[in-house]
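Peer 1: Sending over work.cif (mmCIF, C-alpha atoms).
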```cif
data_upload
loop_
_atom_site.label_atom_id
_atom_site.label_comp_id
_atom_site.auth_asym_id
_atom_site.auth_seq_id
_atom_site.Cartn_x
_atom_site.Cartn_y
_atom_site.Cartn_z
CA MET Z 231 38.23 11.06 10.31
CA ALA Z 232 36.05 13.43 12.29
CA GLU Z 233 33.54 15.66 10.54
CA THR Z 234 34.39 19.36 10.62
CA THR Z 235 31.17 21.33 10.68
CA GLY Z 236 29.36 24.02 12.62
CA ARG Z 237 28.21 21.42 15.14
CA GLN Z 238 29.56 21.67 18.66
CA GLN Z 239 30.43 18.33 20.20
CA GLY Z 240 28.30 17.49 23.23
CA LYS Z 241 25.34 19.56 22.04
CA PRO Z 242 22.90 16.99 20.64
CA ASP Z 243 20.24 19.53 19.72
CA GLN Z 244 22.46 20.87 16.97
CA THR Z 245 22.97 19.04 13.70
CA PRO Z 246 25.87 19.28 11.25
CA ASP Z 247 25.50 21.26 8.06
CA ASP Z 248 25.28 18.09 6.00
CA PRO Z 249 23.61 18.65 2.60
CA LEU Z 250 21.54 15.44 2.83
CA LEU Z 251 19.56 16.51 5.91
CA TRP Z 252 16.44 17.84 4.19
CA PRO Z 253 14.05 16.93 7.04
CA TYR Z 254 16.25 19.00 9.35
CA ALA Z 255 15.96 21.96 7.01
CA ALA Z 256 12.22 21.92 7.58
CA ALA Z 257 12.77 21.74 11.32
CA ARG Z 258 14.95 24.84 11.10
CA LEU Z 259 12.07 26.53 9.34
CA ALA Z 260 10.09 26.26 12.56
CA VAL Z 261 12.83 27.93 14.58
CA ASP Z 262 14.59 30.41 12.32
CA ALA Z 263 12.24 31.17 9.44
CA CYS Z 264 8.67 31.30 10.67
CA PHE Z 265 7.53 33.65 7.91
CA TRP Z 266 9.34 32.20 4.91
CA TRP Z 267 6.04 31.00 3.53
CA LEU Z 268 5.18 34.63 2.67
CA ARG Z 269 7.96 34.75 0.09
CA ALA Z 270 7.73 33.79 -3.55
CA VAL Z 271 8.19 30.14 -4.51
CA PRO Z 272 11.57 29.51 -6.19
CA ALA Z 273 11.72 28.67 -9.86
CA GLU Z 274 11.75 25.04 -10.97
CA GLU Z 275 15.16 23.42 -11.14
CA GLY Z 276 16.27 21.97 -14.46
CA ASP Z 277 18.08 18.78 -15.37
CA SER Z 278 21.59 18.21 -14.10
CA SER Z 279 24.43 19.77 -16.04
CA LEU Z 280 27.13 18.00 -14.01
CA PRO Z 281 28.67 15.28 -16.19
CA TRP Z 282 28.79 11.69 -15.01
CA THR Z 283 32.07 10.05 -14.05
CA THR Z 284 31.25 6.57 -15.39
CA PRO Z 285 30.15 6.11 -19.03
CA GLY Z 286 26.59 4.89 -19.33
CA ALA Z 287 23.24 5.30 -20.99
CA VAL Z 288 19.62 5.71 -19.98
CA ALA Z 289 18.08 2.23 -20.05
CA LEU Z 290 14.59 3.27 -19.02
CA GLU Z 291 12.62 6.50 -18.60
CA LEU Z 292 10.14 6.32 -15.72
CA ALA Z 293 8.00 8.89 -13.92
CA THR Z 294 10.31 8.95 -10.90
CA MET Z 295 13.71 8.19 -12.42
CA ARG Z 296 15.96 7.54 -15.32
CA LEU Z 297 17.49 4.09 -14.92
CA ARG Z 298 21.15 4.57 -15.73
CA ASP Z 299 22.94 1.60 -17.29
CA CYS Z 300 26.69 1.64 -16.59
CA ALA Z 301 27.23 -2.02 -17.47
CA ARG Z 302 30.50 -2.99 -19.15
CA GLY Z 303 29.00 -6.22 -20.47
CA ARG Z 304 25.77 -8.18 -20.69
CA SER Z 305 26.80 -11.14 -18.53
CA GLY Z 306 27.22 -11.47 -14.81
CA GLN Z 307 25.16 -10.66 -11.74
CA PRO Z 308 23.63 -7.15 -11.91
CA ALA Z 309 23.93 -4.62 -9.08
CA LEU Z 310 21.46 -1.74 -8.80
CA VAL Z 311 22.65 1.27 -6.79
CA CYS Z 312 19.69 3.04 -5.20
CA ALA Z 313 20.81 6.64 -4.71
CA PRO Z 314 19.30 8.83 -1.99
CA TYR Z 315 16.22 10.78 -3.06
CA ALA Z 316 16.59 13.63 -0.63
CA LEU Z 317 18.10 16.90 -1.85
CA HIS Z 318 20.92 16.25 -4.30
CA ARG Z 319 21.36 14.37 -7.52
CA ALA Z 320 22.52 10.82 -8.04
CA GLN Z 321 26.09 11.92 -8.80
CA ILE Z 322 26.60 11.32 -5.08
CA ALA Z 323 27.08 7.70 -6.22
CA ASP Z 324 29.29 8.60 -9.20
CA PHE Z 325 31.03 11.76 -8.07
CA ALA Z 326 34.57 11.59 -9.46
CA PRO Z 327 37.33 9.05 -10.19
CA GLY Z 328 38.32 7.52 -6.86
CA HIS Z 329 35.14 8.88 -5.29
CA SER Z 330 32.50 6.86 -7.16
CA VAL Z 331 30.42 3.95 -5.87
CA VAL Z 332 29.68 2.88 -9.44
CA GLN Z 333 33.36 2.92 -10.37
CA SER Z 334 34.46 1.10 -7.20
CA LEU Z 335 31.96 -1.69 -7.80
CA GLN Z 336 33.18 -2.02 -11.38
CA ASP Z 337 36.82 -2.00 -10.30
CA GLY Z 338 35.88 -4.75 -7.85
CA GLY Z 339 34.65 -7.00 -10.65
CA ILE Z 340 30.94 -6.09 -10.80
CA ASP Z 341 30.51 -5.50 -14.53
CA ARG Z 342 26.76 -4.87 -14.60
CA VAL Z 343 26.10 -1.77 -12.49
CA TYR Z 344 22.90 0.28 -12.73
CA LEU Z 345 21.93 3.50 -10.93
CA THR Z 346 18.66 5.21 -10.03
CA ASP Z 347 18.87 8.76 -11.34
CA TRP Z 348 15.89 10.30 -9.53
CA ARG Z 349 14.02 13.13 -11.24
CA SER Z 350 13.47 16.55 -9.75
CA ALA Z 351 9.75 16.85 -9.03
CA SER Z 352 7.75 18.86 -11.52
CA PRO Z 353 4.30 20.26 -10.61
CA ASP Z 354 2.54 17.20 -12.03
CA MET Z 355 4.62 14.93 -9.73
CA ARG Z 356 3.37 16.53 -6.48
CA HIS Z 357 1.07 13.61 -5.61
CA LEU Z 358 3.70 10.88 -6.07
CA SER Z 359 4.11 8.77 -2.94
CA ILE Z 360 6.63 6.29 -1.54
CA ASP Z 361 4.60 3.61 -3.33
CA SER Z 362 5.26 5.44 -6.61
CA TYR Z 363 9.00 5.13 -6.06
CA LEU Z 364 8.78 1.51 -4.96
CA GLY Z 365 6.65 0.71 -8.01
CA ASP Z 366 9.16 2.26 -10.40
CA LEU Z 367 12.03 0.55 -8.57
CA ASN Z 368 10.22 -2.73 -9.23
CA VAL Z 369 9.90 -1.88 -12.92
CA ALA Z 370 13.62 -1.10 -13.02
CA VAL Z 371 14.49 -4.43 -11.39
CA ASP Z 372 12.31 -6.28 -13.89
CA GLU Z 373 14.01 -4.39 -16.75
CA ILE Z 374 17.46 -5.36 -15.44
CA GLY Z 375 16.41 -8.92 -14.68
CA ALA Z 376 15.72 -10.24 -11.19
CA PRO Z 377 17.22 -11.17 -8.86
CA VAL Z 378 19.49 -8.15 -8.45
CA ASP Z 379 22.04 -7.12 -5.86
CA LEU Z 380 20.58 -3.95 -4.35
CA VAL Z 381 22.92 -1.30 -2.93
CA GLY Z 382 21.02 1.37 -0.99
CA LEU Z 383 22.72 4.63 -0.01
CA CYS Z 384 21.37 6.71 2.89
CA GLN Z 385 17.65 7.25 2.17
CA GLY Z 386 18.01 4.96 -0.80
CA GLY Z 387 18.80 2.41 1.91
CA TRP Z 388 15.42 2.40 3.60
CA LEU Z 389 13.77 2.35 0.15
CA SER Z 390 15.91 -0.67 -0.81
CA LEU Z 391 15.06 -2.37 2.48
CA LEU Z 392 11.33 -1.86 1.89
CA TYR Z 393 11.75 -3.29 -1.59
CA ALA Z 394 13.66 -6.34 -0.34
CA ALA Z 395 10.91 -7.02 2.21
CA ARG Z 396 8.13 -6.48 -0.34
CA PHE Z 397 9.78 -8.52 -3.13
CA PRO Z 398 12.23 -10.87 -1.39
CA ALA Z 399 12.57 -13.18 -4.39
CA LYS Z 400 13.86 -10.29 -6.52
CA VAL Z 401 16.83 -9.36 -4.31
CA ARG Z 402 19.82 -11.70 -4.21
CA ARG Z 403 21.93 -9.58 -1.84
CA LEU Z 404 21.32 -6.31 -0.04
CA VAL Z 405 23.87 -3.63 0.92
CA LEU Z 406 22.72 -0.76 3.14
CA VAL Z 407 25.15 2.15 3.53
CA GLY Z 408 24.42 4.80 6.17
CA ALA Z 409 20.72 3.95 6.01
CA PRO Z 410 18.31 5.48 8.56
CA VAL Z 411 15.77 2.80 9.47
CA ASP Z 412 15.29 2.28 13.21
CA LEU Z 413 14.75 5.77 14.58
CA THR Z 414 14.50 4.54 18.17
CA ILE Z 415 18.28 4.95 18.00
CA GLU Z 416 18.37 8.72 18.16
CA SER Z 417 20.45 11.24 16.27
CA GLY Z 418 20.31 15.01 16.15
CA LEU Z 419 18.43 14.69 12.87
CA SER Z 420 15.74 12.31 14.10
CA ARG Z 421 15.19 14.35 17.26
CA LEU Z 422 14.77 17.62 15.37
CA VAL Z 423 12.44 16.14 12.77
CA ARG Z 424 10.28 14.58 15.45
CA ASN Z 425 10.11 17.74 17.59
CA ALA Z 426 9.19 20.21 14.85
CA PRO Z 427 5.44 20.91 14.55
CA GLU Z 428 3.75 19.02 11.73
CA LEU Z 429 2.41 22.34 10.43
CA VAL Z 430 5.98 23.30 9.50
CA TYR Z 431 6.25 20.52 6.95
CA GLU Z 432 2.76 21.11 5.58
CA GLN Z 433 3.48 24.82 5.06
CA LEU Z 434 6.73 24.00 3.32
CA VAL Z 435 4.83 21.83 0.83
CA ALA Z 436 2.03 24.37 0.45
CA ARG Z 437 4.34 27.25 -0.38
CA GLY Z 438 6.04 25.07 -2.97
CA GLY Z 439 2.74 24.51 -4.77
CA GLY Z 440 2.60 20.86 -3.66
CA ASN Z 441 6.34 20.16 -3.94
CA VAL Z 442 9.32 20.91 -1.70
CA SER Z 443 11.92 23.13 -3.33
CA GLY Z 444 15.44 21.77 -3.22
CA LYS Z 445 16.91 25.25 -3.57
CA GLU Z 446 14.91 26.43 -0.58
CA MET Z 447 16.07 23.44 1.44
CA LEU Z 448 19.65 24.31 0.58
CA HIS Z 449 19.10 27.97 1.45
CA LEU Z 450 17.80 27.06 4.91
CA TRP Z 451 21.17 25.74 6.08
CA SER Z 452 22.93 27.77 8.72
CA ARG Z 453 25.94 27.93 6.41
CA PRO Z 454 27.12 26.21 3.25
CA PRO Z 455 29.72 23.46 3.63
CA GLY Z 456 33.17 24.98 3.96
CA HIS Z 457 36.53 23.90 2.61
CA ASP Z 458 37.23 21.67 5.63
CA ASP Z 459 33.78 20.06 5.44
CA ILE Z 460 34.32 19.11 1.81
CA ALA Z 461 37.86 17.88 2.45
CA ALA Z 462 36.51 15.66 5.25
CA ALA Z 463 33.79 14.27 2.98
CA LEU Z 464 36.21 13.57 0.12
CA GLN Z 465 38.93 12.40 2.54
CA ARG Z 466 41.77 14.19 0.83
CA SER Z 467 43.56 17.52 0.70
CA LEU Z 468 42.10 20.03 -1.72
CA ALA Z 469 45.27 22.13 -1.89
CA ASP Z 470 46.62 20.76 -5.18
CA GLU Z 471 45.29 21.21 -8.70
CA GLU Z 472 43.25 17.99 -8.61
CA GLY Z 473 41.84 18.99 -5.24
CA ALA Z 474 40.79 22.37 -6.59
CA ALA Z 475 38.95 20.63 -9.43
CA LEU Z 476 37.20 18.34 -6.94
CA LEU Z 477 36.20 21.34 -4.83
CA ALA Z 478 34.71 23.07 -7.86
CA ARG Z 479 32.87 19.88 -8.82
CA PHE Z 480 31.50 19.49 -5.30
CA ASP Z 481 30.24 23.07 -5.36
CA ARG Z 482 28.42 22.36 -8.62
CA TRP Z 483 26.94 19.13 -7.25
CA ASN Z 484 25.85 20.86 -4.07
CA ALA Z 485 24.11 23.64 -6.01
CA GLU Z 486 22.16 21.31 -8.33
CA THR Z 487 19.28 20.36 -6.07
CA LEU Z 488 16.20 18.21 -6.53
CA ASN Z 489 12.61 19.19 -5.82
CA LEU Z 490 10.63 16.56 -3.91
CA PRO Z 491 6.95 15.65 -4.37
CA GLY Z 492 4.98 16.98 -1.42
CA ALA Z 493 3.13 13.71 -0.83
CA TYR Z 494 6.38 11.72 -0.79
CA TYR Z 495 8.11 14.25 1.46
CA LEU Z 496 5.34 14.26 4.07
CA GLN Z 497 5.20 10.46 4.10
CA VAL Z 498 8.94 10.23 4.68
CA VAL Z 499 8.90 12.85 7.44
CA ASN Z 500 5.90 11.33 9.22
CA TRP Z 501 6.09 7.60 8.49
CA ILE Z 502 9.87 7.11 8.51
CA PHE Z 503 11.27 9.75 10.84
CA ARG Z 504 8.40 10.57 13.22
CA GLU Z 505 6.49 7.28 13.48
CA ASN Z 506 9.32 4.83 12.76
CA ARG Z 507 6.96 2.57 10.85
CA ILE Z 508 9.60 0.41 9.12
CA ALA Z 509 11.25 -0.76 12.33
CA ALA Z 510 7.88 -0.94 14.11
CA GLY Z 511 6.46 -3.31 11.48
CA SER Z 512 3.56 -1.00 10.61
CA PHE Z 513 4.66 0.23 7.19
CA VAL Z 514 2.34 -0.71 4.31
CA ALA Z 515 4.08 -0.81 0.92
CA LEU Z 516 2.22 -1.49 -2.31
CA GLY Z 517 -0.72 -2.97 -0.42
CA ARG Z 518 1.19 -5.23 1.98
CA ASN Z 519 2.32 -4.78 5.53
CA ILE Z 520 6.12 -4.80 5.61
CA ARG Z 521 7.93 -7.02 8.09
CA LEU Z 522 11.71 -6.89 8.24
CA SER Z 523 11.61 -10.61 8.95
CA ASP Z 524 10.53 -11.04 5.30
CA VAL Z 525 14.04 -9.98 4.22
CA ASN Z 526 15.94 -13.23 3.76
CA ALA Z 527 18.83 -12.27 1.45
CA PRO Z 528 22.40 -11.90 2.75
CA VAL Z 529 22.81 -8.33 4.03
CA LEU Z 530 25.86 -6.10 4.48
CA LEU Z 531 25.55 -2.97 6.65
CA LEU Z 532 28.15 -0.19 6.33
CA ALA Z 533 28.29 2.72 8.80
CA GLY Z 534 30.51 5.73 9.41
CA LEU Z 535 32.06 5.99 12.87
CA ASP Z 536 31.91 9.80 12.67
CA ASP Z 537 28.48 9.90 11.05
CA ASP Z 538 26.22 12.40 12.84
CA VAL Z 539 23.42 11.87 10.33
CA VAL Z 540 23.00 8.10 10.74
CA PRO Z 541 25.09 7.00 13.74
CA ALA Z 542 26.64 3.56 13.50
CA ALA Z 543 24.37 2.24 16.25
CA GLN Z 544 21.35 3.32 14.19
CA ALA Z 545 22.72 1.86 10.96
CA PHE Z 546 23.34 -1.50 12.65
CA ALA Z 547 20.14 -1.62 14.74
CA ILE Z 548 18.07 -3.56 12.20
CA ALA Z 549 20.48 -6.52 12.01
CA GLY Z 550 18.57 -8.53 14.59
CA GLN Z 551 15.15 -7.78 13.05
CA LEU Z 552 15.86 -9.29 9.65
CA GLY Z 553 14.78 -12.73 8.51
CA THR Z 554 18.31 -13.28 7.21
CA PRO Z 555 20.22 -15.81 9.36
CA PRO Z 556 22.75 -13.98 11.58
CA ALA Z 557 25.66 -15.77 9.88
CA PHE Z 558 24.68 -14.04 6.64
CA VAL Z 559 24.49 -10.49 8.05
CA ALA Z 560 27.75 -8.54 7.75
CA ALA Z 561 28.45 -5.30 9.59
CA ALA Z 562 31.40 -3.05 8.78
CA SER Z 563 32.36 0.50 9.72
CA GLU Z 564 34.69 3.18 8.42
CA PRO Z 565 36.27 6.17 10.22
CA CYS Z 566 34.33 8.74 8.18
CA ASN Z 567 31.38 11.11 8.24
CA HIS Z 568 28.14 10.58 6.34
CA LEU Z 569 29.18 11.86 2.92
CA GLY Z 570 32.50 10.09 3.34
CA LEU Z 571 30.66 6.77 3.05
CA PHE Z 572 29.76 7.58 -0.57
CA MET Z 573 32.43 10.09 -1.66
CA GLY Z 574 35.46 9.48 0.56
CA ALA Z 575 38.69 8.41 -1.15
CA LYS Z 576 39.79 6.27 1.80
CA THR Z 577 36.38 4.61 2.04
CA HIS Z 578 36.60 3.80 -1.67
CA SER Z 579 40.05 2.32 -1.29
CA HIS Z 580 39.09 0.15 1.67
CA ALA Z 581 35.37 -0.52 2.21
CA TRP Z 582 34.01 -0.58 -1.33
CA PRO Z 583 36.44 -3.20 -2.66
CA ARG Z 584 35.33 -5.42 0.24
CA ILE Z 585 31.69 -4.81 -0.66
CA ALA Z 586 32.37 -5.76 -4.28
CA ALA Z 587 34.18 -8.92 -3.12
CA TRP Z 588 31.26 -9.78 -0.83
CA LEU Z 589 28.84 -9.40 -3.73
CA ARG Z 590 30.99 -11.58 -5.99
CA ASP Z 591 31.77 -14.39 -3.55
CA ASP Z 592 29.26 -17.20 -3.30
CA ARG Z 593 30.32 -17.77 0.30
CA ALA Z 594 28.38 -14.77 1.65
CA GLY Z 595 28.03 -16.39 5.05
CA VAL Z 596 31.77 -16.80 5.44
CA LEU Z 597 32.42 -13.17 4.51
CA ALA Z 598 29.60 -12.04 6.78
CA ARG Z 599 31.22 -13.71 9.77
CA THR Z 600 34.58 -12.10 9.10
CA ALA Z 601 33.50 -8.61 7.93
#
```
Can you turn what I pasted into structure tokens?

Peer 2:
Amino acid sequence: MAETTGRQQGKPDQTPDDPLLWPYAAARLAVDACFWWLRAVPAEEGDSSLPWTTPGAVALELATMRLRDCARGRSGQPALVCAPYALHRAQIADFAPGHSVVQSLQDGGIDRVYLTDWRSASPDMRHLSIDSYLGDLNVAVDEIGAPVDLVGLCQGGWLSLLYAARFPAKVRRLVLVGAPVDLTIESGLSRLVRNAPELVYEQLVARGGGNVSGKEMLHLWSRPPGHDDIAAALQRSLADEEGAALLARFDRWNAETLNLPGAYYLQVVNWIFRENRIAAGSFVALGRNIRLSDVNAPVLLLAGLDDDVVPAAQAFAIAGQLGTPPAFVAAASEPCNHLGLFMGAKTHSHAWPRIAAWLRDDRAGVLARTA
């Protein structure tokens, strides 16, 4: 299903109005909003008021996250869903019935599912770094009980990959969904982030008092997602009563943004998107140089064929760099856009049951060869 956005096909310097593209929002600042830094800093966002789809409880309160426990029992292999920490809240992984990663994993027989519910950055969080988030992810894994199956979504994907390389014994299996890692495979997003002056990002942090305002990021879009954009992401008509409720829920989710710590934001922009340190083998995480060859767990890569944010070629590019034997690396794709990977009804009826089966089956190599 093709993405319906303001992007014109064949014009690579434009990027779709996808709500996850917060580095692009800063790049637009350089072009369209040179004097935004003179305006007042937006007020701090509060906690999410959008209810969760899957029943659960907070298992652990950490500086960077609340670890959400959605387990239906205490036995079985645990799966930790690492949500993107970019602009929106973790309900992207638990959006609505039929549109929930957590629910699809449970329906596929994974009883112990956990979710990283990232906190919106408060002023005292402005110095938190990528290491801070990796450190708390490690605490969460220890709380759940290693080894875990780690499911990384979008920017939660590169964080999960770093974790699997830093602590290979603590990850049994790794699923990366629409994860930007090797930025030598270009997209409109990576090109714009790389080409914007570094001063743009620094000013964005400075005018936020050391943090990046999620509301300002959202405001910088050329236009909010329209009816067709949301229908494409959810992969269903919104014309009926249930569709109208989903549309209203999406609007609420889209409006409840996260602030990002300035230190973390600048590291992601520079180290991940501009310098490509993960794929280049020059990323240092928690005191150790990260090599993708240190990842030895079975890996499943899922990409969207109509994904302008993380093109399929980019999502699959790391397969040959991993230490995992090729027979244990699965690659699958879906005819969807970026948000459709996490929220799309058709993706949840087709791809996510296969992911759950892959996590359950001890014959990961066999499934990898046939995925």

Peer 1: Please indicate the distance in Å from CA of Asn519 in chain Z to CA of Arg396 in chain Z, rounded to one decimal place.

Peer 2: 8.4 Å

Peer 1: Could you tell me how far CA of Ala376 in chain Z lies from CA of Val401 in chain Z, in Å and to one decimal?

Peer 2: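 Pair CA of Ala376 in chain Z / CA of Val401 in chain Z returns 7.0 Å.
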
Peer 1: Mind telling me what the PyMOL selection byres ((chain Z and resi 286-296) around 6) catches here, as a list in words?

Peer 2: Pro285, Leu297, Arg298, Asp299, Cys300, Asp347, Trp348 and Arg349 of chain Z

Peer 1: Written as number ranges by chain, which residues does the PyMOL selection byres ((chain Z and resi 405) around 8) give for the file shown?

Peer 2: Z: 379-382, 387, 403-404, 406-407, 529-532

Peer 1: Let me make sure I understand: among Z:Pro528, Z:Gly550, Z:Gly570, Z:Pro398, which one has the smallest atom-to-atom distance to Phe325 in chain Z if we use only C-alpha atoms?

Peer 2: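 Once distances to Phe325 in chain Z are computed over only C-alpha atoms, the minimum belongs to Z:Gly570.
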
Peer 1: So what do you get for CA of Val498 in chain Z versus CA of Arg424 in chain Z, distance-wise?

Peer 2: 11.7 Å

Peer 1: Expand the PyMOL selection byres ((chain Z and resi 438-446) around 6) into the individual residues it matches in the shown file, reporting them as a list in words.

Peer 2: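 Checked against the file, the PyMOL selection byres ((chain Z and resi 438-446) around 6) matches Val271, Leu317, Arg356, Val435, Ala436, Arg437, Met447, Leu448, His449, Thr487, Leu488, Asn489, Leu490, Pro491 and Gly492 of chain Z.
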